[in-house]
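Student: See target12.csv below, with CSV, N, CA and C atoms.
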chain,number,residue,atom,x,y,z
A,1,MET,N,-13.2,11.4,12.0
A,1,MET,CA,-12.5,11.0,10.8
A,1,MET,C,-11.8,9.7,11.0
A,2,ARG,N,-12.0,8.8,10.1
A,2,ARG,CA,-11.2,7.5,10.2
A,2,ARG,C,-9.8,7.7,9.7
A,3,LYS,N,-8.9,6.8,10.2
A,3,LYS,CA,-7.5,6.7,9.8
A,3,LYS,C,-7.3,5.4,9.1
A,4,GLY,N,-6.5,5.4,8.0
A,4,GLY,CA,-6.1,4.2,7.3
A,4,GLY,C,-4.6,4.3,7.1
A,5,ALA,N,-4.0,3.2,6.9
A,5,ALA,CA,-2.5,3.1,6.7
A,5,ALA,C,-2.2,2.0,5.8
A,6,GLY,N,-1.2,2.1,5.0
A,6,GLY,CA,-0.7,1.1,4.1
A,6,GLY,C,0.8,1.3,3.8
A,7,LEU,N,1.4,0.3,3.1
A,7,LEU,CA,2.8,0.4,2.8
A,7,LEU,C,3.0,0.2,1.3
A,8,TRP,N,3.9,1.0,0.8
A,8,TRP,CA,4.4,0.9,-0.6
A,8,TRP,C,5.6,0.0,-0.6
A,9,VAL,N,5.3,-1.3,-0.6
A,9,VAL,CA,6.4,-2.3,-0.4
A,9,VAL,C,7.1,-2.6,-1.7
A,10,VAL,N,8.4,-2.3,-1.7
A,10,VAL,CA,9.2,-2.4,-2.9
A,10,VAL,C,10.3,-3.5,-2.7
A,11,ASP,N,10.4,-4.4,-3.6
A,11,ASP,CA,11.4,-5.4,-3.5
A,11,ASP,C,12.0,-5.7,-5.0
A,12,ARG,N,13.3,-5.4,-5.2
A,12,ARG,CA,13.9,-5.6,-6.5
A,12,ARG,C,13.1,-4.9,-7.6
A,13,LYS,N,12.8,-3.6,-7.4
A,13,LYS,CA,12.1,-2.9,-8.4
A,13,LYS,C,10.7,-3.4,-8.8
A,14,HIS,N,10.0,-4.1,-7.8
A,14,HIS,CA,8.7,-4.5,-7.9
A,14,HIS,C,7.9,-4.0,-6.8
A,15,LEU,N,6.6,-3.7,-7.0
A,15,LEU,CA,5.7,-3.2,-6.0
A,15,LEU,C,4.7,-4.3,-5.6
A,16,LEU,N,4.5,-4.5,-4.3
A,16,LEU,CA,3.5,-5.4,-3.8
A,16,LEU,C,2.1,-4.8,-3.9
A,17,LEU,N,1.2,-5.5,-4.6
A,17,LEU,CA,-0.1,-5.1,-4.8
A,17,LEU,C,-1.1,-6.2,-4.4
A,18,LEU,N,-2.3,-5.8,-4.1
A,18,LEU,CA,-3.4,-6.8,-4.0
A,18,LEU,C,-4.3,-6.8,-5.2
A,19,MET,N,-4.5,-7.9,-5.8
A,19,MET,CA,-5.4,-8.0,-6.9
A,19,MET,C,-6.8,-8.4,-6.3
A,20,LYS,N,-7.8,-7.6,-6.5
A,20,LYS,CA,-9.1,-7.9,-5.9
A,20,LYS,C,-9.9,-8.8,-6.8
A,21,SER,N,-11.0,-9.3,-6.3
A,21,SER,CA,-11.8,-10.3,-7.1
A,21,SER,C,-12.3,-9.7,-8.4
A,22,ASP,N,-12.4,-8.4,-8.5
A,22,ASP,CA,-12.9,-7.8,-9.7
A,22,ASP,C,-11.8,-7.4,-10.7
A,23,GLY,N,-10.5,-7.8,-10.4
A,23,GLY,CA,-9.4,-7.6,-11.3
A,23,GLY,C,-8.7,-6.3,-11.1
A,24,ARG,N,-9.2,-5.4,-10.2
A,24,ARG,CA,-8.5,-4.2,-9.9
A,24,ARG,C,-7.5,-4.4,-8.8
A,25,PHE,N,-6.6,-3.3,-8.7
A,25,PHE,CA,-5.5,-3.4,-7.7
A,25,PHE,C,-5.6,-2.4,-6.7
A,26,SER,N,-4.9,-2.6,-5.5
A,26,SER,CA,-4.7,-1.7,-4.5
A,26,SER,C,-3.4,-2.0,-3.8
A,27,ILE,N,-2.9,-1.1,-3.0
A,27,ILE,CA,-1.7,-1.4,-2.2
A,27,ILE,C,-2.3,-2.1,-0.9
A,28,PRO,N,-1.6,-2.9,-0.2
A,28,PRO,CA,-2.1,-3.5,1.0
A,28,PRO,C,-2.2,-2.4,2.1
A,29,GLY,N,-3.2,-2.4,2.8
A,29,GLY,CA,-3.5,-1.4,3.9
A,29,GLY,C,-4.9,-1.5,4.5
A,30,GLY,N,-5.1,-0.7,5.5
A,30,GLY,CA,-6.5,-0.8,6.1
A,30,GLY,C,-6.6,0.2,7.3
A,31,LYS,N,-7.5,-0.2,8.1
A,31,LYS,CA,-7.9,0.7,9.3
A,31,LYS,C,-6.8,0.7,10.3
A,32,VAL,N,-6.6,2.0,10.9
A,32,VAL,CA,-5.7,2.1,12.0
A,32,VAL,C,-6.6,2.0,13.3
A,33,GLU,N,-6.3,1.0,14.1
A,33,GLU,CA,-7.0,0.8,15.4
A,33,GLU,C,-6.8,2.0,16.3
A,34,SER,N,-7.7,2.2,17.3
A,34,SER,CA,-7.7,3.3,18.1
A,34,SER,C,-6.4,3.4,19.0
A,35,ASP,N,-5.8,2.2,19.3
A,35,ASP,CA,-4.6,2.2,20.2
A,35,ASP,C,-3.3,2.0,19.4
A,36,GLU,N,-3.3,2.3,18.1
A,36,GLU,CA,-2.2,2.0,17.3
A,36,GLU,C,-1.7,3.2,16.5
A,37,TYR,N,-0.4,3.3,16.3
A,37,TYR,CA,0.2,4.3,15.5
A,37,TYR,C,0.0,3.9,14.0
A,38,PRO,N,-0.2,4.9,13.1
A,38,PRO,CA,-0.5,4.5,11.7
A,38,PRO,C,0.6,3.7,11.1
A,39,ILE,N,1.9,3.9,11.4
A,39,ILE,CA,3.0,3.1,10.8
A,39,ILE,C,2.9,1.7,11.2
A,40,VAL,N,2.5,1.4,12.5
A,40,VAL,CA,2.4,0.1,13.0
A,40,VAL,C,1.2,-0.6,12.3
A,41,ALA,N,0.1,0.2,12.1
A,41,ALA,CA,-1.1,-0.4,11.4
A,41,ALA,C,-0.7,-0.8,10.0
A,42,GLY,N,0.1,0.0,9.3
A,42,GLY,CA,0.5,-0.3,7.9
A,42,GLY,C,1.3,-1.6,7.9
A,43,ILE,N,2.2,-1.8,8.8
A,43,ILE,CA,3.0,-3.0,8.8
A,43,ILE,C,2.1,-4.2,9.1
A,44,ARG,N,1.2,-4.1,10.1
A,44,ARG,CA,0.2,-5.1,10.5
A,44,ARG,C,-0.7,-5.5,9.3
A,45,GLU,N,-1.2,-4.5,8.6
A,45,GLU,CA,-2.1,-4.7,7.5
A,45,GLU,C,-1.4,-5.4,6.4
A,46,VAL,N,-0.2,-5.1,6.1
A,46,VAL,CA,0.5,-5.7,5.0
A,46,VAL,C,0.7,-7.2,5.3
A,47,PHE,N,1.0,-7.5,6.6
A,47,PHE,CA,1.2,-8.9,6.9
A,47,PHE,C,-0.1,-9.7,6.9
A,48,GLU,N,-1.2,-9.1,7.4
A,48,GLU,CA,-2.5,-9.7,7.4
A,48,GLU,C,-3.0,-10.0,6.0
A,49,GLU,N,-2.8,-9.0,5.1
A,49,GLU,CA,-3.3,-9.1,3.7
A,49,GLU,C,-2.4,-9.9,2.8
A,50,THR,N,-1.1,-10.0,3.0
A,50,THR,CA,-0.2,-10.6,2.1
A,50,THR,C,0.7,-11.7,2.6
A,51,GLY,N,0.9,-11.7,3.9
A,51,GLY,CA,1.9,-12.7,4.5
A,51,GLY,C,3.3,-12.1,4.5
A,52,VAL,N,3.5,-10.9,4.0
A,52,VAL,CA,4.8,-10.3,3.9
A,52,VAL,C,5.1,-9.5,5.2
A,53,VAL,N,6.2,-9.8,5.8
A,53,VAL,CA,6.7,-9.0,7.0
A,53,VAL,C,7.6,-7.9,6.4
A,54,SER,N,7.3,-6.7,6.7
A,54,SER,CA,8.0,-5.6,6.1
A,54,SER,C,8.5,-4.6,7.2
A,55,TYR,N,9.4,-3.8,6.8
A,55,TYR,CA,9.9,-2.7,7.7
A,55,TYR,C,10.0,-1.4,6.9
A,56,VAL,N,9.9,-0.3,7.7
A,56,VAL,CA,10.0,1.0,7.1
A,56,VAL,C,11.3,1.6,7.4
A,57,PRO,N,12.2,1.8,6.4
A,57,PRO,CA,13.5,2.3,6.7
A,57,PRO,C,13.6,3.8,7.0
A,58,HIS,N,12.6,4.5,6.5
A,58,HIS,CA,12.6,6.0,6.6
A,58,HIS,C,11.2,6.5,7.1
A,59,GLU,N,11.0,6.5,8.4
A,59,GLU,CA,9.6,6.9,8.9
A,59,GLU,C,9.2,8.3,8.5
A,60,ASP,N,10.1,9.2,8.2
A,60,ASP,CA,9.8,10.5,7.9
A,60,ASP,C,9.3,10.7,6.4
A,61,LYS,N,9.5,9.6,5.6
A,61,LYS,CA,9.1,9.7,4.2
A,61,LYS,C,7.7,9.1,4.1
A,62,CYS,N,6.7,9.9,4.4
A,62,CYS,CA,5.3,9.5,4.4
A,62,CYS,C,4.4,10.2,3.4
A,63,PHE,N,3.7,9.5,2.6
A,63,PHE,CA,2.7,10.1,1.7
A,63,PHE,C,1.4,10.1,2.4
A,64,PHE,N,0.8,11.3,2.6
A,64,PHE,CA,-0.4,11.4,3.4
A,64,PHE,C,-1.5,12.0,2.5
A,65,THR,N,-2.7,11.5,2.5
A,65,THR,CA,-3.8,12.0,1.8
A,65,THR,C,-4.9,12.3,2.7
A,66,GLU,N,-5.4,13.5,2.7
A,66,GLU,CA,-6.6,13.8,3.5
A,66,GLU,C,-7.8,13.2,2.9
A,67,ALA,N,-8.9,13.2,3.7
A,67,ALA,CA,-10.1,12.5,3.3
A,67,ALA,C,-10.6,12.9,1.9
A,68,THR,N,-10.9,11.9,1.2
A,68,THR,CA,-11.5,12.2,-0.2
A,68,THR,C,-12.7,11.2,-0.4
A,69,ASP,N,-13.5,11.6,-1.3
A,69,ASP,CA,-14.6,10.7,-1.6
A,69,ASP,C,-14.1,9.3,-2.0
A,70,GLU,N,-13.0,9.3,-2.7
A,70,GLU,CA,-12.4,8.1,-3.2
A,70,GLU,C,-12.1,7.1,-2.0
A,71,LEU,N,-11.6,7.7,-0.9
A,71,LEU,CA,-11.2,6.9,0.3
A,71,LEU,C,-12.3,6.8,1.3
A,72,HIS,N,-13.5,7.3,1.0
A,72,HIS,CA,-14.6,7.2,1.9
A,72,HIS,C,-14.4,7.8,3.2
A,73,GLY,N,-13.9,9.1,3.3
A,73,GLY,CA,-13.8,9.8,4.5
A,73,GLY,C,-12.7,9.3,5.4
A,74,THR,N,-11.6,8.8,4.8
A,74,THR,CA,-10.5,8.3,5.6
A,74,THR,C,-9.2,9.1,5.3
A,75,ASN,N,-8.5,9.5,6.4
A,75,ASN,CA,-7.2,10.1,6.3
A,75,ASN,C,-6.2,8.9,6.1
A,76,PHE,N,-5.5,8.9,5.0
A,76,PHE,CA,-4.7,7.7,4.7
A,76,PHE,C,-3.2,8.0,4.7
A,77,TYR,N,-2.4,7.2,5.4
A,77,TYR,CA,-1.0,7.4,5.5
A,77,TYR,C,-0.3,6.3,4.8
A,78,CYS,N,0.8,6.5,4.1
A,78,CYS,CA,1.5,5.5,3.4
A,78,CYS,C,3.0,5.7,3.4
A,79,TRP,N,3.8,4.7,3.8
A,79,TRP,CA,5.2,4.7,3.8
A,79,TRP,C,5.8,3.8,2.8
A,80,GLU,N,7.0,4.1,2.3
A,80,GLU,CA,7.7,3.1,1.5
A,80,GLU,C,8.3,2.1,2.5
A,81,ALA,N,8.3,0.8,2.1
A,81,ALA,CA,8.8,-0.2,3.0
A,81,ALA,C,9.5,-1.3,2.2
A,82,GLN,N,10.2,-2.1,2.9
A,82,GLN,CA,11.0,-3.2,2.2
A,82,GLN,C,10.6,-4.5,2.9
A,83,VAL,N,10.9,-5.6,2.2
A,83,VAL,CA,10.5,-6.9,2.7
A,83,VAL,C,11.5,-7.4,3.7
A,84,ALA,N,11.1,-7.9,4.9
A,84,ALA,CA,11.9,-8.6,5.8
A,84,ALA,C,11.8,-10.1,5.6
A,85,SER,N,10.6,-10.6,5.5
A,85,SER,CA,10.4,-12.0,5.2
A,85,SER,C,9.0,-12.2,4.7
A,86,SER,N,8.6,-13.4,4.2
A,86,SER,CA,7.3,-13.6,3.7
A,86,SER,C,6.8,-15.0,3.9
A,87,ASP,N,5.5,-15.2,3.9
A,87,ASP,CA,4.9,-16.4,4.0
A,87,ASP,C,3.7,-16.5,3.0
A,88,TYR,N,4.1,-16.9,1.8
A,88,TYR,CA,3.1,-16.9,0.7
A,88,TYR,C,2.1,-18.0,0.7
A,89,LYS,N,2.2,-18.9,1.8
A,89,LYS,CA,1.2,-20.0,1.9
A,89,LYS,C,-0.1,-19.5,2.3
A,90,ARG,N,-0.1,-18.3,2.9
A,90,ARG,CA,-1.4,-17.7,3.4
A,90,ARG,C,-2.2,-17.3,2.2
A,91,ILE,N,-3.5,-17.4,2.3
A,91,ILE,CA,-4.4,-16.9,1.2
A,91,ILE,C,-5.3,-15.9,1.9
A,92,PRO,N,-4.9,-14.6,1.7
A,92,PRO,CA,-5.7,-13.6,2.4
A,92,PRO,C,-7.1,-13.4,1.7
A,93,PRO,N,-8.1,-13.1,2.5
A,93,PRO,CA,-9.4,-12.9,1.9
A,93,PRO,C,-9.6,-11.5,1.1
A,94,GLU,N,-8.7,-10.6,1.3
A,94,GLU,CA,-8.8,-9.3,0.7
A,94,GLU,C,-8.4,-9.3,-0.7
A,95,GLY,N,-7.7,-10.2,-1.2
A,95,GLY,CA,-7.2,-10.3,-2.6
A,95,GLY,C,-6.0,-11.1,-2.7
A,96,THR,N,-5.5,-11.2,-3.9
A,96,THR,CA,-4.3,-12.1,-4.2
A,96,THR,C,-3.1,-11.2,-4.2
A,97,PRO,N,-2.1,-11.4,-3.4
A,97,PRO,CA,-0.8,-10.6,-3.5
A,97,PRO,C,-0.1,-10.9,-4.8
A,98,VAL,N,0.3,-9.8,-5.4
A,98,VAL,CA,1.1,-9.9,-6.6
A,98,VAL,C,2.2,-8.9,-6.6
A,99,TRP,N,3.3,-9.2,-7.2
A,99,TRP,CA,4.4,-8.3,-7.4
A,99,TRP,C,4.4,-7.8,-8.9
A,100,VAL,N,4.4,-6.5,-9.0
A,100,VAL,CA,4.3,-5.9,-10.3
A,100,VAL,C,5.5,-4.9,-10.5
A,101,SER,N,6.2,-5.0,-11.6
A,101,SER,CA,7.3,-4.2,-11.8
A,101,SER,C,6.9,-2.7,-11.7
A,102,LEU,N,7.8,-1.9,-11.2
A,102,LEU,CA,7.5,-0.5,-11.1
A,102,LEU,C,7.2,0.2,-12.4
A,103,ASP,N,7.9,-0.3,-13.5
A,103,ASP,CA,7.6,0.2,-14.8
A,103,ASP,C,6.2,-0.1,-15.2
A,104,ASN,N,5.7,-1.3,-15.0
A,104,ASN,CA,4.4,-1.6,-15.3
A,104,ASN,C,3.3,-0.9,-14.4
A,105,VAL,N,3.7,-0.7,-13.2
A,105,VAL,CA,2.8,0.1,-12.3
A,105,VAL,C,2.5,1.5,-12.9
A,106,ARG,N,3.6,2.1,-13.3
A,106,ARG,CA,3.5,3.4,-13.9
A,106,ARG,C,2.6,3.5,-15.2
A,107,LYS,N,2.5,2.4,-15.9
A,107,LYS,CA,1.8,2.3,-17.1
A,107,LYS,C,0.3,1.8,-17.0
A,108,MET,N,0.0,1.4,-15.8
A,108,MET,CA,-1.4,0.8,-15.6
A,108,MET,C,-2.4,1.9,-15.8
A,109,PRO,N,-3.5,1.7,-16.5
A,109,PRO,CA,-4.6,2.7,-16.6
A,109,PRO,C,-5.3,2.8,-15.3
A,110,ALA,N,-5.9,4.0,-15.2
A,110,ALA,CA,-6.6,4.3,-13.9
A,110,ALA,C,-7.7,3.3,-13.6
A,111,THR,N,-8.3,2.7,-14.7
A,111,THR,CA,-9.4,1.8,-14.5
A,111,THR,C,-8.9,0.5,-13.8
A,112,ASP,N,-7.6,0.3,-13.7
A,112,ASP,CA,-7.1,-0.9,-13.1
A,112,ASP,C,-7.0,-0.7,-11.5
A,113,TRP,N,-7.2,0.5,-11.0
A,113,TRP,CA,-7.0,0.8,-9.6
A,113,TRP,C,-8.3,0.9,-8.9
A,114,ILE,N,-8.3,0.4,-7.6
A,114,ILE,CA,-9.4,0.6,-6.7
A,114,ILE,C,-9.6,2.1,-6.5
A,115,TYR,N,-8.5,2.8,-6.2
A,115,TYR,CA,-8.5,4.3,-5.9
A,115,TYR,C,-7.6,5.0,-6.9
A,116,PRO,N,-8.0,5.2,-8.1
A,116,PRO,CA,-7.2,5.7,-9.2
A,116,PRO,C,-6.5,7.1,-8.9
A,117,ASN,N,-7.2,8.0,-8.3
A,117,ASN,CA,-6.6,9.3,-8.0
A,117,ASN,C,-5.5,9.2,-7.0
A,118,TRP,N,-5.8,8.4,-5.9
A,118,TRP,CA,-4.8,8.2,-4.9
A,118,TRP,C,-3.6,7.6,-5.4
A,119,MET,N,-3.7,6.6,-6.2
A,119,MET,CA,-2.6,5.9,-6.8
A,119,MET,C,-1.7,6.8,-7.7
A,120,ALA,N,-2.4,7.6,-8.5
A,120,ALA,CA,-1.6,8.5,-9.4
A,120,ALA,C,-0.8,9.5,-8.5
A,121,ASN,N,-1.3,10.0,-7.5
A,121,ASN,CA,-0.6,10.9,-6.6
A,121,ASN,C,0.5,10.1,-5.8
A,122,ALA,N,0.3,8.9,-5.4
A,122,ALA,CA,1.3,8.1,-4.7
A,122,ALA,C,2.4,7.8,-5.6
A,123,ILE,N,2.1,7.4,-6.9
A,123,ILE,CA,3.2,7.1,-7.8
A,123,ILE,C,4.1,8.3,-8.0
A,124,ARG,N,3.5,9.5,-8.2
A,124,ARG,CA,4.3,10.7,-8.3
A,124,ARG,C,5.1,11.0,-7.1
A,125,PHE,N,4.5,10.8,-5.9
A,125,PHE,CA,5.3,11.1,-4.7
A,125,PHE,C,6.5,10.1,-4.5
A,126,PHE,N,6.3,8.8,-4.7
A,126,PHE,CA,7.4,7.9,-4.5
A,126,PHE,C,8.4,8.0,-5.7
A,127,ASP,N,8.0,8.4,-6.9
A,127,ASP,CA,8.9,8.6,-8.0
A,127,ASP,C,9.8,9.8,-7.7
A,128,ASP,N,9.3,10.8,-7.1
A,128,ASP,CA,10.0,12.1,-6.8
A,128,ASP,C,10.9,12.0,-5.6
A,129,SER,N,10.6,11.1,-4.7
A,129,SER,CA,11.4,11.1,-3.4
A,129,SER,C,12.6,10.1,-3.4
Represent the structure of the file as structure tokens.
Tutor:
Amino acid sequence: MRKGAGLWVVDRKHLLLLMKSDGRFSIPGGKVESDEYPIVAGIREVFEETGVVSYVPHEDKCFFTEATDELHGTNFYCWEAQVASSDYKRIPPEGTPVWVSLDNVRKMPATDWIYPNWMANAIRFFDDS
């Protein structure tokens, strides 16, 4: 089973997302390397994909999803994170980093998401915690 990790990066009531070339969105994240902890992979992936250096203030607050068809057989871990610094001059190949207000994130239709079921569950988890 593969492992993936990402971060729910929030800054001033906005969520950091990646807008893909097809116009859909995802949170930044990706593969956990064999020698890496998932939380470290999430921080690394956010930097690689967006240029944002982030930190996780509460490691115990983790949203975990077991493998689903939607995530192609990947166990995915996600933590809420905050911005430490950023370098927006980078142009990542995975998509365009965008900040979307949390209110607008909650209103986005499922068709706007790469992984709609996962996002719906993540929004509920982070809203409730």
Student: Suppose you want the space between atom C of Val32 (chain A) and CA of Phe63 (chain A); what is it in Å?
Tutor: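 Taking atom C of Val32 (chain A) and CA of Phe63 (chain A), their separation equals 16.9 Å.
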Student: Could I get the residues of region 27-96 of chain A with an atom no further than 7 Å from an atom of region 9-12 of chain A, each paired with its nearest atom pair and that distance in Å to one decimal, using all atoms listed in the file, sorted by chain and residue number, as a tab-separated table?
Tutor:
residue	atom	partner	partner_atom	distance
A:Trp79	C	A:Val9	N	6.1
A:Glu80	CA	A:Val9	N	5.4
A:Ala81	C	A:Val9	CA	4.2
A:Gln82	CA	A:Val10	N	4.8
A:Val83	N	A:Val10	C	5.4
Student: List the spatial neighbours of region 101-103 of chain A as an MDAnalysis selection string - criterion: any atom at most 9 Å away, only C-alpha atoms, same-chain residues fewer than 2 positions off excluded.
Tutor: chainID A and resid 10 12:16 99 105:107
Student: So which bits of chain A end up alpha helix (DSSP H) when you DSSP the backbone, as a ChimeraX atom specification?
Tutor: /A:38-50,102-107,116-128
Student: How far is it from atom C of Ala84 (chain A) to atom N of Ser26 (chain A), in Å with one decimal?
Tutor: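 Interatomic distance here is 21.4 Å.
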Student: State, in Å with one decimal place, the distance from atom N of Ala122 (chain A) to atom C of Cys62 (chain A).
Tutor: 9.8 Å
Student: If we count all atoms listed in the file and set the cut-off at 8 Å, which residues sit around region 110-112 of chain A, ignoring sequence neighbours fewer than 3 positions away in its own chain? Please answer as a list in words.
Tutor: Gly23, Arg24, Phe25, Ser26, Lys107, Tyr115, Pro116, Asn117 and Ala120 of chain A
Student: Please, which residues of region 1-109 of chain A, numbered as in this document, come out strand (DSSP E or B) from DSSP, as a compact mmCIF listing (two decimals) with N, CA and C atoms, keeping the file's coordinate frame?
Tutor:
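Below is the file out20.txt, written as the result:
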# COMPACT_ATOMS: atom_id res chain seq x y z
N ARG A 2 -12.00 8.80 10.10
CA ARG A 2 -11.20 7.50 10.20
C ARG A 2 -9.80 7.70 9.70
N LYS A 3 -8.90 6.80 10.20
CA LYS A 3 -7.50 6.70 9.80
C LYS A 3 -7.30 5.40 9.10
N GLY A 4 -6.50 5.40 8.00
CA GLY A 4 -6.10 4.20 7.30
C GLY A 4 -4.60 4.30 7.10
N ALA A 5 -4.00 3.20 6.90
CA ALA A 5 -2.50 3.10 6.70
C ALA A 5 -2.20 2.00 5.80
N GLY A 6 -1.20 2.10 5.00
CA GLY A 6 -0.70 1.10 4.10
C GLY A 6 0.80 1.30 3.80
N LEU A 7 1.40 0.30 3.10
CA LEU A 7 2.80 0.40 2.80
C LEU A 7 3.00 0.20 1.30
N TRP A 8 3.90 1.00 0.80
CA TRP A 8 4.40 0.90 -0.60
C TRP A 8 5.60 0.00 -0.60
N VAL A 9 5.30 -1.30 -0.60
CA VAL A 9 6.40 -2.30 -0.40
C VAL A 9 7.10 -2.60 -1.70
N VAL A 10 8.40 -2.30 -1.70
CA VAL A 10 9.20 -2.40 -2.90
C VAL A 10 10.30 -3.50 -2.70
N ASP A 11 10.40 -4.40 -3.60
CA ASP A 11 11.40 -5.40 -3.50
C ASP A 11 12.00 -5.70 -5.00
N HIS A 14 10.00 -4.10 -7.80
CA HIS A 14 8.70 -4.50 -7.90
C HIS A 14 7.90 -4.00 -6.80
N LEU A 15 6.60 -3.70 -7.00
CA LEU A 15 5.70 -3.20 -6.00
C LEU A 15 4.70 -4.30 -5.60
N LEU A 16 4.50 -4.50 -4.30
CA LEU A 16 3.50 -5.40 -3.80
C LEU A 16 2.10 -4.80 -3.90
N LEU A 17 1.20 -5.50 -4.60
CA LEU A 17 -0.10 -5.10 -4.80
C LEU A 17 -1.10 -6.20 -4.40
N LEU A 18 -2.30 -5.80 -4.10
CA LEU A 18 -3.40 -6.80 -4.00
C LEU A 18 -4.30 -6.80 -5.20
N MET A 19 -4.50 -7.90 -5.80
CA MET A 19 -5.40 -8.00 -6.90
C MET A 19 -6.80 -8.40 -6.30
N PHE A 25 -6.60 -3.30 -8.70
CA PHE A 25 -5.50 -3.40 -7.70
C PHE A 25 -5.60 -2.40 -6.70
N SER A 26 -4.90 -2.60 -5.50
CA SER A 26 -4.70 -1.70 -4.50
C SER A 26 -3.40 -2.00 -3.80
N GLY A 29 -3.20 -2.40 2.80
CA GLY A 29 -3.50 -1.40 3.90
C GLY A 29 -4.90 -1.50 4.50
N GLY A 30 -5.10 -0.70 5.50
CA GLY A 30 -6.50 -0.80 6.10
C GLY A 30 -6.60 0.20 7.30
N LYS A 31 -7.50 -0.20 8.10
CA LYS A 31 -7.90 0.70 9.30
C LYS A 31 -6.80 0.70 10.30
N VAL A 52 3.50 -10.90 4.00
CA VAL A 52 4.80 -10.30 3.90
C VAL A 52 5.10 -9.50 5.20
N VAL A 53 6.20 -9.80 5.80
CA VAL A 53 6.70 -9.00 7.00
C VAL A 53 7.60 -7.90 6.40
N SER A 54 7.30 -6.70 6.70
CA SER A 54 8.00 -5.60 6.10
C SER A 54 8.50 -4.60 7.20
N TYR A 55 9.40 -3.80 6.80
CA TYR A 55 9.90 -2.70 7.70
C TYR A 55 10.00 -1.40 6.90
N CYS A 62 6.70 9.90 4.40
CA CYS A 62 5.30 9.50 4.40
C CYS A 62 4.40 10.20 3.40
N PHE A 63 3.70 9.50 2.60
CA PHE A 63 2.70 10.10 1.70
C PHE A 63 1.40 10.10 2.40
N PHE A 64 0.80 11.30 2.60
CA PHE A 64 -0.40 11.40 3.40
C PHE A 64 -1.50 12.00 2.50
N THR A 65 -2.70 11.50 2.50
CA THR A 65 -3.80 12.00 1.80
C THR A 65 -4.90 12.30 2.70
N THR A 74 -11.60 8.80 4.80
CA THR A 74 -10.50 8.30 5.60
C THR A 74 -9.20 9.10 5.30
N ASN A 75 -8.50 9.50 6.40
CA ASN A 75 -7.20 10.10 6.30
C ASN A 75 -6.20 8.90 6.10
N PHE A 76 -5.50 8.90 5.00
CA PHE A 76 -4.70 7.70 4.70
C PHE A 76 -3.20 8.00 4.70
N TYR A 77 -2.40 7.20 5.40
CA TYR A 77 -1.00 7.40 5.50
C TYR A 77 -0.30 6.30 4.80
N CYS A 78 0.80 6.50 4.10
CA CYS A 78 1.50 5.50 3.40
C CYS A 78 3.00 5.70 3.40
N TRP A 79 3.80 4.70 3.80
CA TRP A 79 5.20 4.70 3.80
C TRP A 79 5.80 3.80 2.80
N GLU A 80 7.00 4.10 2.30
CA GLU A 80 7.70 3.10 1.50
C GLU A 80 8.30 2.10 2.50
N ALA A 81 8.30 0.80 2.10
CA ALA A 81 8.80 -0.20 3.00
C ALA A 81 9.50 -1.30 2.20
N GLN A 82 10.20 -2.10 2.90
CA GLN A 82 11.00 -3.20 2.20
C GLN A 82 10.60 -4.50 2.90
N VAL A 83 10.90 -5.60 2.20
CA VAL A 83 10.50 -6.90 2.70
C VAL A 83 11.50 -7.40 3.70
N ALA A 84 11.10 -7.90 4.90
CA ALA A 84 11.90 -8.60 5.80
C ALA A 84 11.80 -10.10 5.60
N SER A 85 10.60 -10.60 5.50
CA SER A 85 10.40 -12.00 5.20
C SER A 85 9.00 -12.20 4.70
N SER A 86 8.60 -13.40 4.20
CA SER A 86 7.30 -13.60 3.70
C SER A 86 6.80 -15.00 3.90
N THR A 96 -5.50 -11.20 -3.90
CA THR A 96 -4.30 -12.10 -4.20
C THR A 96 -3.10 -11.20 -4.20
N PRO A 97 -2.10 -11.40 -3.40
CA PRO A 97 -0.80 -10.60 -3.50
C PRO A 97 -0.10 -10.90 -4.80
N VAL A 98 0.30 -9.80 -5.40
CA VAL A 98 1.10 -9.90 -6.60
C VAL A 98 2.20 -8.90 -6.60
N TRP A 99 3.30 -9.20 -7.20
CA TRP A 99 4.40 -8.30 -7.40
C TRP A 99 4.40 -7.80 -8.90
N VAL A 100 4.40 -6.50 -9.00
CA VAL A 100 4.30 -5.90 -10.30
C VAL A 100 5.50 -4.90 -10.50
N SER A 101 6.20 -5.00 -11.60
CA SER A 101 7.30 -4.20 -11.80
C SER A 101 6.90 -2.70 -11.70
Student: Between A:Tyr37, A:Asp22, A:Gly4, A:Ser85, which is the closest to Tyr55 (chain A) once you count all atoms listed in the file?
Tutor: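 Going through A:Tyr37, A:Asp22, A:Gly4, A:Ser85 one by one, the smallest distance to Tyr55 (chain A) is for A:Ser85.
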Student: Would you please work out which residue, of A:Lys20, A:Met1, A:Thr74, A:Thr96, is nearest to Glu49 (chain A) when using only N, CA and C atoms?
Tutor: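 Ranked by minimum distance to Glu49 (chain A), first place goes to A:Thr96.
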Student: May I have the protein, DNA and RNA residues with an atom at most 12 Å from (-8.8, 5.1, 10.8), counting only C-alpha atoms in the file's coordinates, returned as a PyMOL selection string?
Tutor: chain A and resi 1-6+29-39+41-42+66-67+71-77
